[in-house]
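Novice: What follows is upload05.cif, made up of mmCIF, C-alpha atoms and all ligand atoms:
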```cif
data_start
#
loop_
_atom_site.label_atom_id
_atom_site.label_comp_id
_atom_site.auth_asym_id
_atom_site.auth_seq_id
_atom_site.Cartn_x
_atom_site.Cartn_y
_atom_site.Cartn_z
CA MET A 564 0.00 0.00 0.00
CA THR A 565 1.57 3.26 -1.13
CA HIS A 566 -0.91 5.60 0.53
CA ALA A 567 -0.26 6.99 3.98
CA ARG A 568 -2.83 5.75 6.53
CA ARG A 569 -4.68 8.93 7.55
CA GLN A 570 -7.56 7.53 9.53
CA SER A 571 -6.02 7.63 13.00
CA THR A 572 -5.72 11.44 13.00
CA HIS A 573 -9.35 11.96 11.89
CA HIS A 574 -12.85 11.30 13.16
CA PRO A 575 -13.83 7.65 12.70
CA ILE A 576 -15.02 6.90 9.21
CA GLN A 577 -18.79 7.33 8.99
CA VAL A 578 -20.78 4.23 7.93
CA ILE A 579 -23.86 4.98 5.85
CA ALA A 580 -26.42 2.26 5.11
CA HIS A 581 -27.10 2.28 1.37
CA ARG A 582 -30.88 2.00 0.78
CA GLY A 583 -30.94 0.72 4.39
CA ALA A 584 -29.26 -2.56 5.33
CA SER A 585 -30.09 -3.57 1.77
CA ASP A 586 -28.09 -6.78 1.65
CA ASP A 587 -30.21 -8.21 4.45
CA ALA A 588 -33.65 -6.69 3.83
CA PRO A 589 -35.53 -5.29 0.82
CA GLU A 590 -33.96 -1.97 -0.17
CA HIS A 591 -35.69 1.31 0.71
CA THR A 592 -38.21 -0.31 3.05
CA LEU A 593 -38.81 0.41 6.70
CA ALA A 594 -37.51 -3.11 7.36
CA ALA A 595 -34.14 -2.24 5.77
CA TYR A 596 -33.82 1.08 7.61
CA ARG A 597 -34.79 -0.39 11.00
CA LYS A 598 -32.23 -3.15 10.45
CA ALA A 599 -29.54 -0.56 9.58
CA ILE A 600 -30.29 1.34 12.80
CA GLU A 601 -30.18 -1.91 14.78
CA ASP A 602 -26.85 -2.78 13.10
CA GLY A 603 -25.36 0.52 14.32
CA ALA A 604 -25.16 2.57 11.09
CA ASP A 605 -24.20 6.23 11.58
CA ALA A 606 -26.45 7.35 8.74
CA LEU A 607 -29.02 6.11 6.24
CA GLU A 608 -28.97 6.66 2.47
CA CYS A 609 -32.09 6.90 0.31
CA ASP A 610 -33.03 7.85 -3.24
CA VAL A 611 -36.10 10.00 -3.77
CA ARG A 612 -38.50 10.29 -6.69
CA LEU A 613 -41.73 12.20 -7.20
CA THR A 614 -44.99 10.31 -7.70
CA ALA A 615 -47.61 11.45 -10.21
CA ASP A 616 -49.43 13.27 -7.39
CA GLY A 617 -46.34 15.00 -6.01
CA HIS A 618 -45.19 12.82 -3.10
CA LEU A 619 -41.54 11.98 -2.56
CA VAL A 620 -41.01 8.24 -2.22
CA CYS A 621 -37.85 6.24 -1.61
CA VAL A 622 -37.34 4.21 -4.78
CA HIS A 623 -34.09 3.77 -6.73
CA ASP A 624 -35.21 2.72 -10.22
CA ARG A 625 -37.31 4.82 -12.57
CA ARG A 626 -39.81 1.95 -12.64
CA VAL A 627 -41.14 -0.19 -9.81
CA ASN A 628 -40.78 -3.45 -11.78
CA ARG A 629 -37.60 -4.77 -10.11
CA THR A 630 -38.48 -4.08 -6.48
CA SER A 631 -42.22 -4.63 -6.31
CA ASN A 632 -45.05 -6.76 -7.70
CA GLY A 633 -46.21 -3.81 -9.81
CA ARG A 634 -45.18 -2.27 -13.12
CA GLY A 635 -44.65 1.23 -14.42
CA ALA A 636 -42.75 4.43 -13.74
CA VAL A 637 -42.92 5.95 -10.26
CA SER A 638 -43.68 9.29 -11.91
CA ALA A 639 -46.77 7.82 -13.60
CA LEU A 640 -48.21 6.27 -10.43
CA GLU A 641 -50.05 7.94 -7.57
CA LEU A 642 -49.06 7.29 -3.98
CA SER A 643 -52.24 5.26 -3.36
CA GLU A 644 -51.32 2.98 -6.30
CA LEU A 645 -47.78 2.52 -4.97
CA ALA A 646 -49.13 1.86 -1.48
CA ALA A 647 -51.08 -1.13 -2.83
CA LEU A 648 -47.84 -2.81 -4.00
CA ASP A 649 -45.55 -5.25 -2.17
CA PHE A 650 -41.93 -4.02 -2.10
CA GLY A 651 -40.64 -6.96 -0.03
CA SER A 652 -41.32 -10.34 -1.62
CA TRP A 653 -38.83 -9.95 -4.48
CA LYS A 654 -35.97 -9.95 -1.98
CA ASP A 655 -37.25 -13.06 -0.24
CA ARG A 656 -37.46 -14.83 -3.61
CA GLU A 657 -33.97 -13.63 -4.63
CA GLU A 658 -32.52 -14.84 -1.33
CA ARG A 659 -34.20 -18.27 -1.58
CA ASN A 660 -32.89 -18.68 -5.17
CA ARG A 661 -29.40 -17.69 -4.09
CA LYS A 662 -29.45 -20.21 -1.24
CA GLU A 663 -30.75 -22.94 -3.52
CA ARG A 664 -27.96 -22.24 -6.01
CA ASN A 665 -25.38 -22.41 -3.19
CA ARG A 666 -27.14 -25.37 -1.53
CA GLU A 667 -27.45 -23.39 1.70
CA GLU A 668 -30.12 -24.02 4.34
CA SER A 669 -33.11 -21.72 3.97
CA GLU A 670 -33.96 -19.82 7.16
CA SER A 671 -36.64 -17.23 7.75
CA PRO A 672 -35.64 -13.83 6.42
CA ASP A 673 -34.64 -11.01 8.77
CA TRP A 674 -37.74 -9.06 7.86
CA ASP A 675 -41.43 -9.94 7.96
CA PRO A 676 -42.16 -11.14 4.42
CA VAL A 677 -45.91 -10.58 4.85
CA PRO A 678 -46.85 -7.39 2.97
CA GLY A 679 -47.42 -4.59 5.46
CA GLU A 680 -45.92 -1.31 6.60
CA LEU A 681 -42.43 -2.82 6.87
CA THR A 682 -42.27 -3.70 3.19
CA SER A 683 -44.64 -1.28 1.50
CA VAL A 684 -43.55 1.81 -0.39
CA LEU A 685 -41.70 4.17 1.93
CA THR A 686 -42.45 7.87 1.71
CA LEU A 687 -39.65 10.29 2.52
CA GLU A 688 -41.98 11.70 5.16
CA ARG A 689 -42.10 8.33 7.00
CA LEU A 690 -38.33 7.98 6.78
CA LEU A 691 -37.86 11.47 8.23
CA GLU A 692 -40.16 10.48 11.10
CA LEU A 693 -37.91 7.49 11.78
CA VAL A 694 -34.81 9.71 11.77
CA VAL A 695 -36.42 12.23 14.11
CA GLU A 696 -37.63 9.49 16.50
CA THR A 697 -34.17 7.90 16.58
CA ARG A 698 -32.45 11.24 17.21
CA ALA A 699 -34.96 12.09 19.94
CA ALA A 700 -33.98 8.82 21.64
CA GLY A 701 -30.41 10.14 21.88
CA ARG A 702 -28.77 8.58 18.81
CA PRO A 703 -27.24 11.17 16.40
CA LEU A 704 -28.46 9.34 13.28
CA GLN A 705 -28.01 11.19 9.99
CA LEU A 706 -29.66 10.89 6.59
CA ALA A 707 -28.18 11.22 3.08
CA VAL A 708 -30.89 11.90 0.49
CA GLU A 709 -30.14 11.44 -3.21
CA THR A 710 -32.26 13.31 -5.74
CA LYS A 711 -32.95 11.05 -8.74
CA HIS A 712 -33.51 12.58 -12.18
CA PRO A 713 -34.17 16.04 -10.76
CA THR A 714 -33.71 17.80 -14.12
CA ARG A 715 -36.89 16.21 -15.44
CA TRP A 716 -38.87 17.95 -12.70
CA ALA A 717 -37.25 21.39 -13.04
CA GLY A 718 -36.82 22.05 -9.34
CA GLN A 719 -39.92 20.31 -7.97
CA VAL A 720 -37.95 17.46 -6.35
CA GLU A 721 -35.72 19.89 -4.45
CA GLU A 722 -38.63 22.18 -3.57
CA ARG A 723 -40.67 19.35 -2.04
CA LEU A 724 -37.59 17.90 -0.34
CA LEU A 725 -36.71 21.22 1.29
CA GLN A 726 -40.33 21.75 2.40
CA LEU A 727 -40.29 18.39 4.16
CA LEU A 728 -36.89 18.99 5.78
CA LYS A 729 -38.14 22.33 7.08
CA GLN A 730 -41.34 20.74 8.39
CA PHE A 731 -39.22 18.21 10.35
CA GLU A 732 -36.69 20.91 11.39
CA LEU A 733 -33.93 18.99 9.62
CA ASP A 734 -32.94 21.71 7.17
CA ALA A 735 -30.08 23.14 9.22
CA PRO A 736 -27.56 21.86 11.77
CA PRO A 737 -28.38 22.11 15.47
CA ALA A 738 -26.28 24.59 17.48
CA ASP A 739 -24.17 21.78 18.94
CA GLY A 740 -23.55 19.40 16.06
CA PRO A 741 -23.35 18.59 12.37
CA SER A 742 -26.25 18.75 9.95
CA PRO A 743 -28.51 15.72 10.38
CA VAL A 744 -29.19 15.65 6.63
CA ARG A 745 -27.05 15.97 3.51
CA ILE A 746 -28.25 16.05 -0.07
CA MET A 747 -26.50 14.00 -2.74
CA SER A 748 -26.84 14.03 -6.50
CA PHE A 749 -25.15 13.16 -9.77
CA SER A 750 -26.69 16.43 -10.97
CA ALA A 751 -24.65 19.54 -10.17
CA ARG A 752 -27.71 21.59 -11.07
CA SER A 753 -29.76 19.88 -8.39
CA LEU A 754 -27.10 20.56 -5.74
CA HIS A 755 -26.87 24.16 -6.87
CA ARG A 756 -30.61 24.58 -6.35
CA VAL A 757 -30.36 23.08 -2.87
CA GLN A 758 -27.41 25.30 -1.92
CA ALA A 759 -29.17 28.42 -3.17
CA ALA A 760 -32.32 27.68 -1.16
CA ALA A 761 -30.76 26.07 1.95
CA PRO A 762 -27.08 27.02 2.25
CA ALA A 763 -26.67 25.24 5.59
CA LEU A 764 -27.35 21.81 4.08
CA PRO A 765 -24.22 19.89 3.06
CA THR A 766 -24.25 18.73 -0.57
CA VAL A 767 -22.44 15.72 -2.03
CA TYR A 768 -21.52 15.59 -5.73
CA LEU A 769 -21.76 11.95 -6.85
CA MET A 770 -19.37 10.81 -9.57
CA GLN A 771 -19.34 7.66 -11.67
CA PHE A 772 -16.19 8.84 -13.47
CA VAL A 773 -13.94 11.87 -13.13
CA SER A 774 -14.80 14.57 -15.62
CA PRO A 775 -11.64 16.04 -17.22
CA ARG A 776 -12.52 19.55 -15.96
CA LEU A 777 -12.60 18.30 -12.36
CA ARG A 778 -9.39 16.23 -12.42
CA ASP A 779 -7.52 18.77 -10.32
CA GLY A 780 -9.86 18.11 -7.35
CA ARG A 781 -12.30 20.98 -7.88
CA LEU A 782 -16.04 20.40 -7.39
CA PRO A 783 -18.89 22.05 -9.30
CA ALA A 784 -20.51 25.15 -7.78
CA GLY A 785 -23.05 24.11 -5.16
CA ALA A 786 -21.19 20.95 -4.15
CA ARG A 787 -19.37 20.80 -0.81
CA ILE A 788 -18.42 17.13 -0.50
CA ALA A 789 -17.05 14.73 -3.13
CA GLY A 790 -18.92 11.45 -3.71
CA PRO A 791 -16.81 9.21 -5.98
CA GLY A 792 -17.86 5.65 -6.79
CA MET A 793 -15.67 2.82 -5.50
CA ARG A 794 -14.40 2.15 -9.03
CA ILE A 795 -12.82 5.63 -9.12
CA VAL A 796 -11.20 4.98 -5.75
CA ARG A 797 -9.74 1.65 -6.89
CA ASN A 798 -8.51 2.91 -10.25
CA HIS A 799 -7.44 6.45 -9.29
CA PRO A 800 -6.47 6.58 -5.61
CA GLY A 801 -4.35 9.66 -6.41
CA TYR A 802 -7.56 11.52 -7.25
CA ILE A 803 -8.82 10.97 -3.69
CA GLU A 804 -5.60 12.49 -2.39
CA ARG A 805 -6.14 15.47 -4.73
CA LEU A 806 -9.69 15.94 -3.42
CA HIS A 807 -8.36 15.96 0.14
CA ARG A 808 -5.57 18.40 -0.78
CA ALA A 809 -8.24 20.67 -2.29
CA GLY A 810 -9.93 20.62 1.14
CA HIS A 811 -12.91 18.39 0.30
CA ARG A 812 -14.37 15.62 2.39
CA VAL A 813 -14.83 12.36 0.46
CA HIS A 814 -17.85 10.04 0.77
CA VAL A 815 -17.47 6.83 -1.26
CA TRP A 816 -20.21 4.52 -2.63
CA THR A 817 -20.88 1.57 -2.69
CA VAL A 818 -18.29 -0.09 -0.47
CA ASN A 819 -19.20 -3.71 0.26
CA GLU A 820 -16.02 -5.78 0.01
CA PRO A 821 -13.51 -5.94 2.90
CA GLU A 822 -10.58 -4.98 0.64
CA ASP A 823 -12.49 -1.90 -0.55
CA VAL A 824 -13.22 -0.89 3.05
CA GLU A 825 -9.51 -1.25 3.79
CA LEU A 826 -8.53 0.92 0.83
CA CYS A 827 -11.01 3.62 1.89
CA VAL A 828 -9.57 3.56 5.42
CA ASP A 829 -6.02 3.78 4.06
CA LEU A 830 -6.97 6.78 1.95
CA GLY A 831 -8.64 8.46 4.92
CA VAL A 832 -12.05 8.97 3.31
CA GLU A 833 -14.59 10.49 5.65
CA ALA A 834 -17.60 8.24 4.91
CA ILE A 835 -18.44 4.98 3.21
CA ILE A 836 -21.84 4.05 1.87
CA THR A 837 -22.51 0.32 2.08
CA ASN A 838 -25.23 -2.31 1.71
CA ARG A 839 -23.62 -4.18 4.65
CA PRO A 840 -23.35 -1.81 7.61
CA LYS A 841 -23.04 -4.66 10.13
CA GLN A 842 -20.08 -6.32 8.43
CA VAL A 843 -18.33 -2.99 7.71
CA LEU A 844 -18.72 -1.79 11.31
CA SER A 845 -17.36 -5.09 12.54
CA GLN A 846 -14.34 -4.80 10.18
CA LEU A 847 -13.74 -1.29 11.54
CA GLY A 848 -13.77 -2.65 15.08
CA ARG A 849 -17.14 -1.09 15.86
CA PRO A 850 -19.42 -4.15 16.25
O1 LIG B 901 -24.87 6.81 -2.52
C1 LIG B 901 -24.69 7.02 -3.83
C2 LIG B 901 -25.14 5.86 -4.61
O2 LIG B 901 -26.34 5.41 -4.07
C3 LIG B 901 -25.29 6.22 -6.04
O3 LIG B 901 -25.67 5.17 -6.85
O4 LIG B 901 -27.30 4.02 -8.23
O5 LIG B 901 -27.00 3.31 -5.88
O6 LIG B 901 -28.12 5.46 -6.40
P1 LIG B 901 -27.09 4.46 -6.83
CA CA B 902 -28.48 6.31 -4.22
#
```
Once you've parsed the file, please lay out its structure as structure tokens.
Specialist:
Amino acid sequence: MTHARRQSTHHPIQVIAHRGASDDAPEHTLAAYRKAIEDGADALECDVRLTADGHLVCVHDRRVNRTSNGRGAVSALELSELAALDFGSWKDREERNRKERNREESESPDWDPVPGELTSVLTLERLLELVVETRAAGRPLQLAVETKHPTRWAGQVEERLLQLLKQFELDAPPADGPSPVRIMSFSARSLHRVQAAAPALPTVYLMQFVSPRLRDGRLPAGARIAGPGMRIVRNHPGYIERLHRAGHRVHVWTVNEPEDVELCVDLGVEAIITNRPKQVLSQLGRP
């Protein structure tokens, strides 16, 4: 390893549960977020999309086909239509198939596979309630919200998101601590909108590759934190050092393998976003 180990001089690396504890429970459901909290995650990650009737729901894909028993684009469905779908059973099926392939014993899943609140569509509002409840119980849980395809909605995603954060008093840091919420996006325009309307909210610029104009470690206007994908970290560790030299914090996604966690620690990144918060925390000596 050619990179100096920086972690010891910094705050402990923050562990963010990607779509909840999404390796163990169906992504973006209350079951996955409760499991992540139980596993000890420092923060939760979610993607948000607007429904046809203007509600923000936590769904990754443009369509609901992969993660529910329904079909169609989130943007073409109303919340009541989404609420009638089951967002849990697909994971149970996937897990049973995987175990059959590997000839492993089938046990009951970690979540209740019977359709109900735990595995129905999760609104951002319900997730914010969970964050507020957890913080009120004395745990400084944070939330990282990713705006999906915000350009299509010309500001409506950010507008609704900021309204909700204000309603839950999560739109600015408390006097004695860091902001409970940060906004992430692959769209610099989306982050710019957020920064203009709510300057106290940290913004994370997500990157799948390094654009030539940002190679020197600069970030687009409106972005405060760098969010490179793990592939960038593996292939261009020197870029992470450049981001740090430019004074940026670095939050990496999606870090699931032990060797990737180790590389992130060696490079001194400030946060890792993972589907496996329990395993990562245990590797970091925080079981
Ligand atoms: O946390 C960032 C990461 O979630 C971005 O990729 O496709 O999983 O939303 P994706
Ligand atoms: Ca995401």
Novice: Check which residues fall inside 8 Å of ligand LIG 901 (chain B) when counting only C-alpha atoms and all ligand atoms, and print them as a PDB file with C-alpha atoms, in the frame of the given file.
Specialist:
```pdb
ATOM      1  CA  HIS A 581     -27.100   2.280   1.370  1.00  0.00           C
ATOM      2  CA  ARG A 582     -30.880   2.000   0.780  1.00  0.00           C
ATOM      3  CA  GLU A 608     -28.970   6.660   2.470  1.00  0.00           C
ATOM      4  CA  CYS A 609     -32.090   6.900   0.310  1.00  0.00           C
ATOM      5  CA  ASP A 610     -33.030   7.850  -3.240  1.00  0.00           C
ATOM      6  CA  HIS A 623     -34.090   3.770  -6.730  1.00  0.00           C
ATOM      7  CA  ALA A 707     -28.180  11.220   3.080  1.00  0.00           C
ATOM      8  CA  GLU A 709     -30.140  11.440  -3.210  1.00  0.00           C
ATOM      9  CA  LYS A 711     -32.950  11.050  -8.740  1.00  0.00           C
ATOM     10  CA  MET A 747     -26.500  14.000  -2.740  1.00  0.00           C
ATOM     11  CA  SER A 748     -26.840  14.030  -6.500  1.00  0.00           C
ATOM     12  CA  PHE A 749     -25.150  13.160  -9.770  1.00  0.00           C
ATOM     13  CA  LEU A 769     -21.760  11.950  -6.850  1.00  0.00           C
ATOM     14  CA  GLY A 790     -18.920  11.450  -3.710  1.00  0.00           C
ATOM     15  CA  GLY A 792     -17.860   5.650  -6.790  1.00  0.00           C
ATOM     16  CA  VAL A 815     -17.470   6.830  -1.260  1.00  0.00           C
ATOM     17  CA  TRP A 816     -20.210   4.520  -2.630  1.00  0.00           C
ATOM     18  CA  THR A 817     -20.880   1.570  -2.690  1.00  0.00           C
ATOM     19  CA  ILE A 836     -21.840   4.050   1.870  1.00  0.00           C
TER      20      ILE A 836
END
```
Novice: Would you please work out which residue, of A:Asn798, A:Thr682, A:Gln726, A:Gln719, is nearest to Leu593 (chain A) when using all atoms listed in the file?
Specialist: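 Of A:Asn798, A:Thr682, A:Gln726, A:Gln719, the one nearest Leu593 (chain A) is A:Thr682, counting all atoms listed in the file.
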Novice: Can you tell me which residues surround Glu644 (chain A) at a distance of at most 12 Å, considering all atoms listed in the file, apart from same-chain residues fewer than 6 positions away, and format the answer as a PyMOL selection string?
Specialist: chain A and resi 614-616+627+631-638+683-684
Novice: Write the residues you've just listed into a file as a PDB file, keeping the file's coordinate frame, and include C-alpha atoms for each of them.
Specialist:
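In the end it all went to out.pdb:
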```pdb
ATOM      1  CA  THR A 614     -44.990  10.310  -7.700  1.00  0.00           C
ATOM      2  CA  ALA A 615     -47.610  11.450 -10.210  1.00  0.00           C
ATOM      3  CA  ASP A 616     -49.430  13.270  -7.390  1.00  0.00           C
ATOM      4  CA  VAL A 627     -41.140  -0.190  -9.810  1.00  0.00           C
ATOM      5  CA  SER A 631     -42.220  -4.630  -6.310  1.00  0.00           C
ATOM      6  CA  ASN A 632     -45.050  -6.760  -7.700  1.00  0.00           C
ATOM      7  CA  GLY A 633     -46.210  -3.810  -9.810  1.00  0.00           C
ATOM      8  CA  ARG A 634     -45.180  -2.270 -13.120  1.00  0.00           C
ATOM      9  CA  GLY A 635     -44.650   1.230 -14.420  1.00  0.00           C
ATOM     10  CA  ALA A 636     -42.750   4.430 -13.740  1.00  0.00           C
ATOM     11  CA  VAL A 637     -42.920   5.950 -10.260  1.00  0.00           C
ATOM     12  CA  SER A 638     -43.680   9.290 -11.910  1.00  0.00           C
ATOM     13  CA  SER A 683     -44.640  -1.280   1.500  1.00  0.00           C
ATOM     14  CA  VAL A 684     -43.550   1.810  -0.390  1.00  0.00           C
TER      15      VAL A 684
END
```
Novice: State, in Å with one decimal place, the distance from CA of Val611 (chain A) to CA of Ala809 (chain A).
Specialist: 29.9 Å
Novice: For Pro765 (chain A), which residue out of A:Ser585, A:Asn660, A:Gln705, A:Ser652 is the nearest one, using only C-alpha atoms?
Specialist: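 Of A:Ser585, A:Asn660, A:Gln705, A:Ser652, the one nearest Pro765 (chain A) is A:Gln705, counting only C-alpha atoms.
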Novice: From the list A:Glu641, A:Ala599, A:His712, A:Arg689, which residue is nearest ligand CA 902 (chain B) when using all atoms listed in the file?
Specialist: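 Checking each candidate against ligand CA 902 (chain B), we get A:His712 as the closest.
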Novice: List every protein, DNA or RNA residue that has at least one atom no more than 10 Å from (-9.9, 7.4, -6.9) in the file's coordinates, counting all atoms listed in the file, and write the result as a list in words.
Specialist: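 Returned residue set, sorted by chain then number, is Phe772, Val773, Pro791, Gly792, Met793, Arg794, Ile795, Val796, Arg797, Asn798, His799, Pro800, Gly801, Tyr802, Ile803, Glu804, Arg805, Leu806, Val815, Cys827 and Leu830 of chain A.
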Novice: What is the CA of Ala584 (chain A)-CA of Val620 (chain A) distance in Å, reported with one decimal?
Specialist: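 That distance, rounded to one decimal, is 17.7 Å.
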Novice: Quick check, in Å to one decimal: how far apart do CA of Val824 (chain A) and CA of Gly780 (chain A) lie?
Specialist: 21.9 Å
Novice: Skipping near chain neighbours, those fewer than 2 positions away, what residues fall within 12 Å of Ser845 (chain A) using all atoms listed in the file, listed as a count of residues only?
Specialist: 15
Novice: Which residue is closest to ligand CA 902 (chain B)? Choose from A:Asp624, A:Asp779, A:Glu820, A:Glu657 and count only C-alpha atoms and all ligand atoms.
Specialist: A:Asp624
Novice: Hey, which of A:Ala595, A:Gln577, A:Ile746, A:Val828 ends up closest to ligand CA 902 (chain B)? Count all atoms listed in the file.
Specialist: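 Answer, going by the shortest atom-to-atom distance: A:Ile746.
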Novice: Taking (-17.5, 11.5, -0.4) in the file's own coordinates, collect the residues within 6 Å, counting only C-alpha atoms, and hand them back as a compact mmCIF listing (two decimals) with C-alpha atoms, in the frame of the given file.
Specialist:
```txt
# COMPACT_ATOMS: atom_id res chain seq x y z
CA ILE A 788 -18.42 17.13 -0.50
CA ALA A 789 -17.05 14.73 -3.13
CA GLY A 790 -18.92 11.45 -3.71
CA ARG A 812 -14.37 15.62 2.39
CA VAL A 813 -14.83 12.36 0.46
CA HIS A 814 -17.85 10.04 0.77
CA VAL A 815 -17.47 6.83 -1.26
```
